[in-house]
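Presented below is the structure to which this report refers.
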Amino acid sequence: MLARRRQPVALLMLAAACAATGAAPAAAADPGAATILKVRKGQKVALHVAPGGRRIAVLGDRTEFGRRTILSVTGRRGRWAAVATALVRNGRRAWVRLERSRLAVRRTRWRLHADLTDRELTVLRAGRLVRRIAVTIGARGTETPAGRTAITDKLSARGFGASFGCCILALAARQPKVRRDGLDGRMAIHGTNRPDLLGRRGSLGCLRASDVALRGLIRDVPVGTPVTIAR
């Protein structure tokens, strides 16, 4: 699970309010692409349990890892968007009000699909196969949770421990079977120092791939890319 060694990372949950002003941003229609939202520099956006519902958190323009905050959109209801976030339970989603002054709209045609049966990560662009990557999945007792999520951060593995290999793609999902700093462990796709376990069970829930494969993903796949994990 994703936790920086000797330097626990707190979740970014600011207490400031978020005014609902401005027009909803729009993006050119592209049925093969997924929408992502980038929090503009210096801005904050509130997460709600439902459109117009109770506020559960406020995000700034930087994640808890110090990277730009980019949210993957999983649904739309009027001027509200459902987004993937690790601040709610797996399988649930939070909602943000679409405001041009706070959010920039982007699109990605990249998608990742992890098959836990085949222990393989498929990389797609515009619906076409780019590559297949053998992965280590969760060991028995710490199985990899299935569901829809998204990439939230691209990170160097320095400071996280040798088991993370070269680099990390943090995900908007958690491992309820492993606790870190009082929270369910953060899910990720990351490198490995145990290439002998690729294609086998052996992790605490994260997907591990070769460092060569991870460097390719870091280079090509943008933050906000949707990720599906299926049994």
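Every chain in the structure tokens takes a letter, A first, then B, and so on in the order presented; its residues are numbered from 1, and the ligands are numbered from 1 following the presented order.
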
Proximity of segment 65-97 of chain A to segment 153-162 of chain A: per-residue shortest pair, 12 Å limit, only C-alpha atoms, as a Markdown table:
```
| residue | atom | partner | partner_atom | distance |
| --- | --- | --- | --- | --- |
| A:Phe65 | CA | A:Asp153 | CA | 7.5 |
| A:Gly66 | CA | A:Asp153 | CA | 8.9 |
| A:Arg67 | CA | A:Asp153 | CA | 6.5 |
| A:Arg68 | CA | A:Asp153 | CA | 8.1 |
| A:Thr69 | CA | A:Asp153 | CA | 8.3 |
| A:Ile70 | CA | A:Asp153 | CA | 8.4 |
| A:Leu71 | CA | A:Asp153 | CA | 10.2 |
| A:Ser72 | CA | A:Asp153 | CA | 11.7 |
| A:Thr85 | CA | A:Asp153 | CA | 11.7 |
| A:Ala86 | CA | A:Asp153 | CA | 11.8 |
```

Take the residues from that selection and write them out as a PDB file, in the first residue's frame, keeping N, CA and C atoms.
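Final output, again.pdb:
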```
ATOM      1  N   PHE A  65       0.274  14.501  -2.342  1.00  0.00           N
ATOM      2  CA  PHE A  65       1.641  14.194  -2.750  1.00  0.00           C
ATOM      3  C   PHE A  65       2.322  15.382  -3.422  1.00  0.00           C
ATOM      4  N   GLY A  66       1.644  16.517  -3.427  1.00  0.00           N
ATOM      5  CA  GLY A  66       2.237  17.732  -3.969  1.00  0.00           C
ATOM      6  C   GLY A  66       2.105  17.895  -5.471  1.00  0.00           C
ATOM      7  N   ARG A  67       1.331  17.024  -6.133  1.00  0.00           N
ATOM      8  CA  ARG A  67       1.125  17.139  -7.578  1.00  0.00           C
ATOM      9  C   ARG A  67      -0.163  17.908  -7.855  1.00  0.00           C
ATOM     10  N   ARG A  68      -0.337  18.354  -9.096  1.00  0.00           N
ATOM     11  CA  ARG A  68      -1.555  19.080  -9.454  1.00  0.00           C
ATOM     12  C   ARG A  68      -2.776  18.168  -9.300  1.00  0.00           C
ATOM     13  N   THR A  69      -3.857  18.728  -8.786  1.00  0.00           N
ATOM     14  CA  THR A  69      -5.084  17.968  -8.564  1.00  0.00           C
ATOM     15  C   THR A  69      -5.838  17.817  -9.875  1.00  0.00           C
ATOM     16  N   ILE A  70      -6.003  16.572 -10.303  1.00  0.00           N
ATOM     17  CA  ILE A  70      -6.721  16.253 -11.528  1.00  0.00           C
ATOM     18  C   ILE A  70      -7.721  15.149 -11.207  1.00  0.00           C
ATOM     19  N   LEU A  71      -8.979  15.362 -11.559  1.00  0.00           N
ATOM     20  CA  LEU A  71     -10.060  14.456 -11.210  1.00  0.00           C
ATOM     21  C   LEU A  71     -10.619  13.788 -12.460  1.00  0.00           C
ATOM     22  N   SER A  72     -10.882  12.494 -12.366  1.00  0.00           N
ATOM     23  CA  SER A  72     -11.465  11.749 -13.471  1.00  0.00           C
ATOM     24  C   SER A  72     -12.982  11.734 -13.329  1.00  0.00           C
ATOM     25  N   THR A  85     -12.435   9.462  -6.400  1.00  0.00           N
ATOM     26  CA  THR A  85     -11.590  10.006  -5.347  1.00  0.00           C
ATOM     27  C   THR A  85     -11.372   8.957  -4.258  1.00  0.00           C
ATOM     28  N   ALA A  86     -10.198   8.981  -3.660  1.00  0.00           N
ATOM     29  CA  ALA A  86      -9.891   8.070  -2.557  1.00  0.00           C
ATOM     30  C   ALA A  86     -10.484   8.552  -1.248  1.00  0.00           C
TER      31      ALA A  86
END
```

Run DSSP on the backbone of this structure and report the residues of segment 21-230 of chain A it assigns to strand (DSSP E or B), as a PyMOL selection string. chain A and resi 34-39+45-48+55-59+62+68+70-77+80-83+94-97+103-108+110-115+120-125+128-134+136-138+147-156+167-180+183-190+201-203+207-208+226-230

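Distance annotation: of A:Arg62, A:Arg89, A:Arg109, A:Arg97, the residue with the minimal separation from Arg77 of chain A is A:Arg97; atom set is only C-alpha atoms.
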
Distance criterion (only C-alpha atoms): nearest to Asp211 of chain A out of A:Gly53, A:Gly147, A:Gly60, A:Pro195: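 Distance minimum relative to Asp211 of chain A lands on A:Pro195.
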
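For the residues A:Lys38, A:Arg79, A:Arg174, A:Arg100, ranking by smallest atom-to-atom distance to Pro51 of chain A using only C-alpha atoms places A:Arg79 first.
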
Please provide the set of residues having any atom within 8 Å of Arg111 of chain A, restricted to only C-alpha atoms, with same-chain residues fewer than 4 positions apart removed, written as a list of chain:residue names.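 Contacts, in chain order: A:Val123, A:Leu124, A:Arg125, A:Gly127, A:Thr225, A:Pro226, A:Val227.
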
Could you write those residues out with N, CA and C atoms, as a PDB file, in the first residue's frame?
```pdb
ATOM      1  N   VAL A 123      -3.325  -1.876 -21.698  1.00  0.00           N
ATOM      2  CA  VAL A 123      -3.240  -0.441 -21.943  1.00  0.00           C
ATOM      3  C   VAL A 123      -3.917  -0.152 -23.276  1.00  0.00           C
ATOM      4  N   LEU A 124      -4.916   0.729 -23.256  1.00  0.00           N
ATOM      5  CA  LEU A 124      -5.679   1.068 -24.453  1.00  0.00           C
ATOM      6  C   LEU A 124      -5.582   2.553 -24.757  1.00  0.00           C
ATOM      7  N   ARG A 125      -5.542   2.897 -26.019  1.00  0.00           N
ATOM      8  CA  ARG A 125      -5.619   4.290 -26.447  1.00  0.00           C
ATOM      9  C   ARG A 125      -6.612   4.373 -27.596  1.00  0.00           C
ATOM     10  N   GLY A 127      -9.409   3.107 -27.677  1.00  0.00           N
ATOM     11  CA  GLY A 127     -10.020   1.806 -27.842  1.00  0.00           C
ATOM     12  C   GLY A 127      -9.128   0.756 -28.464  1.00  0.00           C
ATOM     13  N   THR A 225      -6.469   9.314 -16.089  1.00  0.00           N
ATOM     14  CA  THR A 225      -6.848   8.167 -16.919  1.00  0.00           C
ATOM     15  C   THR A 225      -7.704   7.172 -16.123  1.00  0.00           C
ATOM     16  N   PRO A 226      -8.851   6.755 -16.659  1.00  0.00           N
ATOM     17  CA  PRO A 226      -9.684   5.767 -15.963  1.00  0.00           C
ATOM     18  C   PRO A 226      -9.001   4.402 -15.902  1.00  0.00           C
ATOM     19  N   VAL A 227      -9.215   3.715 -14.794  1.00  0.00           N
ATOM     20  CA  VAL A 227      -8.654   2.375 -14.571  1.00  0.00           C
ATOM     21  C   VAL A 227      -9.784   1.464 -14.113  1.00  0.00           C
TER      22      VAL A 227
END
```

Name the closest residue to Val130 of chain A among the candidates A:Leu183, A:Val221, A:Leu87, A:Ala81; distances are taken between atoms, counting only C-alpha atoms.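 That would be A:Val221, the residue with the smallest distance to Val130 of chain A.
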
Residues of segment 18-215 of chain A classed as alpha helix (DSSP H) by DSSP on the backbone are to be reported as a PyMOL selection string. chain A and resi 211-215

Notebook entry, point to check: At what distance in Å, to one decimal, does atom CA of Leu214 of chain A lie from atom CA of Arg40 of chain A?
Noted result: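 Atom-to-atom, atom CA of Arg40 of chain A to atom CA of Leu214 of chain A, that is 27.7 Å.
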
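If you look at atom CA of Ala46 of chain A and atom CA of Ala104 of chain A, they are 14.9 Å away from each other.
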
- prompt: Counting only C-alpha atoms, what is within 8 Å of Leu103 of chain A, bar same-chain residues fewer than 4 positions away, as a list in words?
  reply: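 Listing them by chain and then by number gives Pro25, Leu37, Lys38, Val39, Arg40, Leu98 and Glu99 of chain A.
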
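The space separating atom CA of Asp115 of chain A from atom CA of Arg92 of chain A comes to 20.8 Å.
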
Counting only C-alpha atoms, which of A:Ile151, A:Gly42, A:Arg140, A:Gly75 gets nearest to Leu112 of chain A?
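Closest to Leu112 of chain A of all the choices is A:Ile151.
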
Exercise: Ser163 of chain A partners within 8 Å, only C-alpha atoms, chain neighbours under 5 positions left out, as an MDAnalysis selection string
chainID A and resid 191:194

Print the selection's residues with N, CA and C atoms to a file, as a tab-separated table (two decimals), in the first residue's frame.
```tsv
chain	number	residue	atom	x	y	z
A	191	GLY	N	6.05	-0.15	-9.58
A	191	GLY	CA	7.12	-1.05	-9.95
A	191	GLY	C	7.35	-2.10	-8.88
A	192	THR	N	8.42	-2.86	-9.03
A	192	THR	CA	8.65	-3.95	-8.09
A	192	THR	C	10.13	-4.31	-8.00
A	193	ASN	N	10.53	-4.80	-6.85
A	193	ASN	CA	11.86	-5.38	-6.69
A	193	ASN	C	11.79	-6.91	-6.69
A	194	ARG	N	10.59	-7.44	-7.03
A	194	ARG	CA	10.38	-8.89	-7.10
A	194	ARG	C	9.77	-9.26	-8.46
```
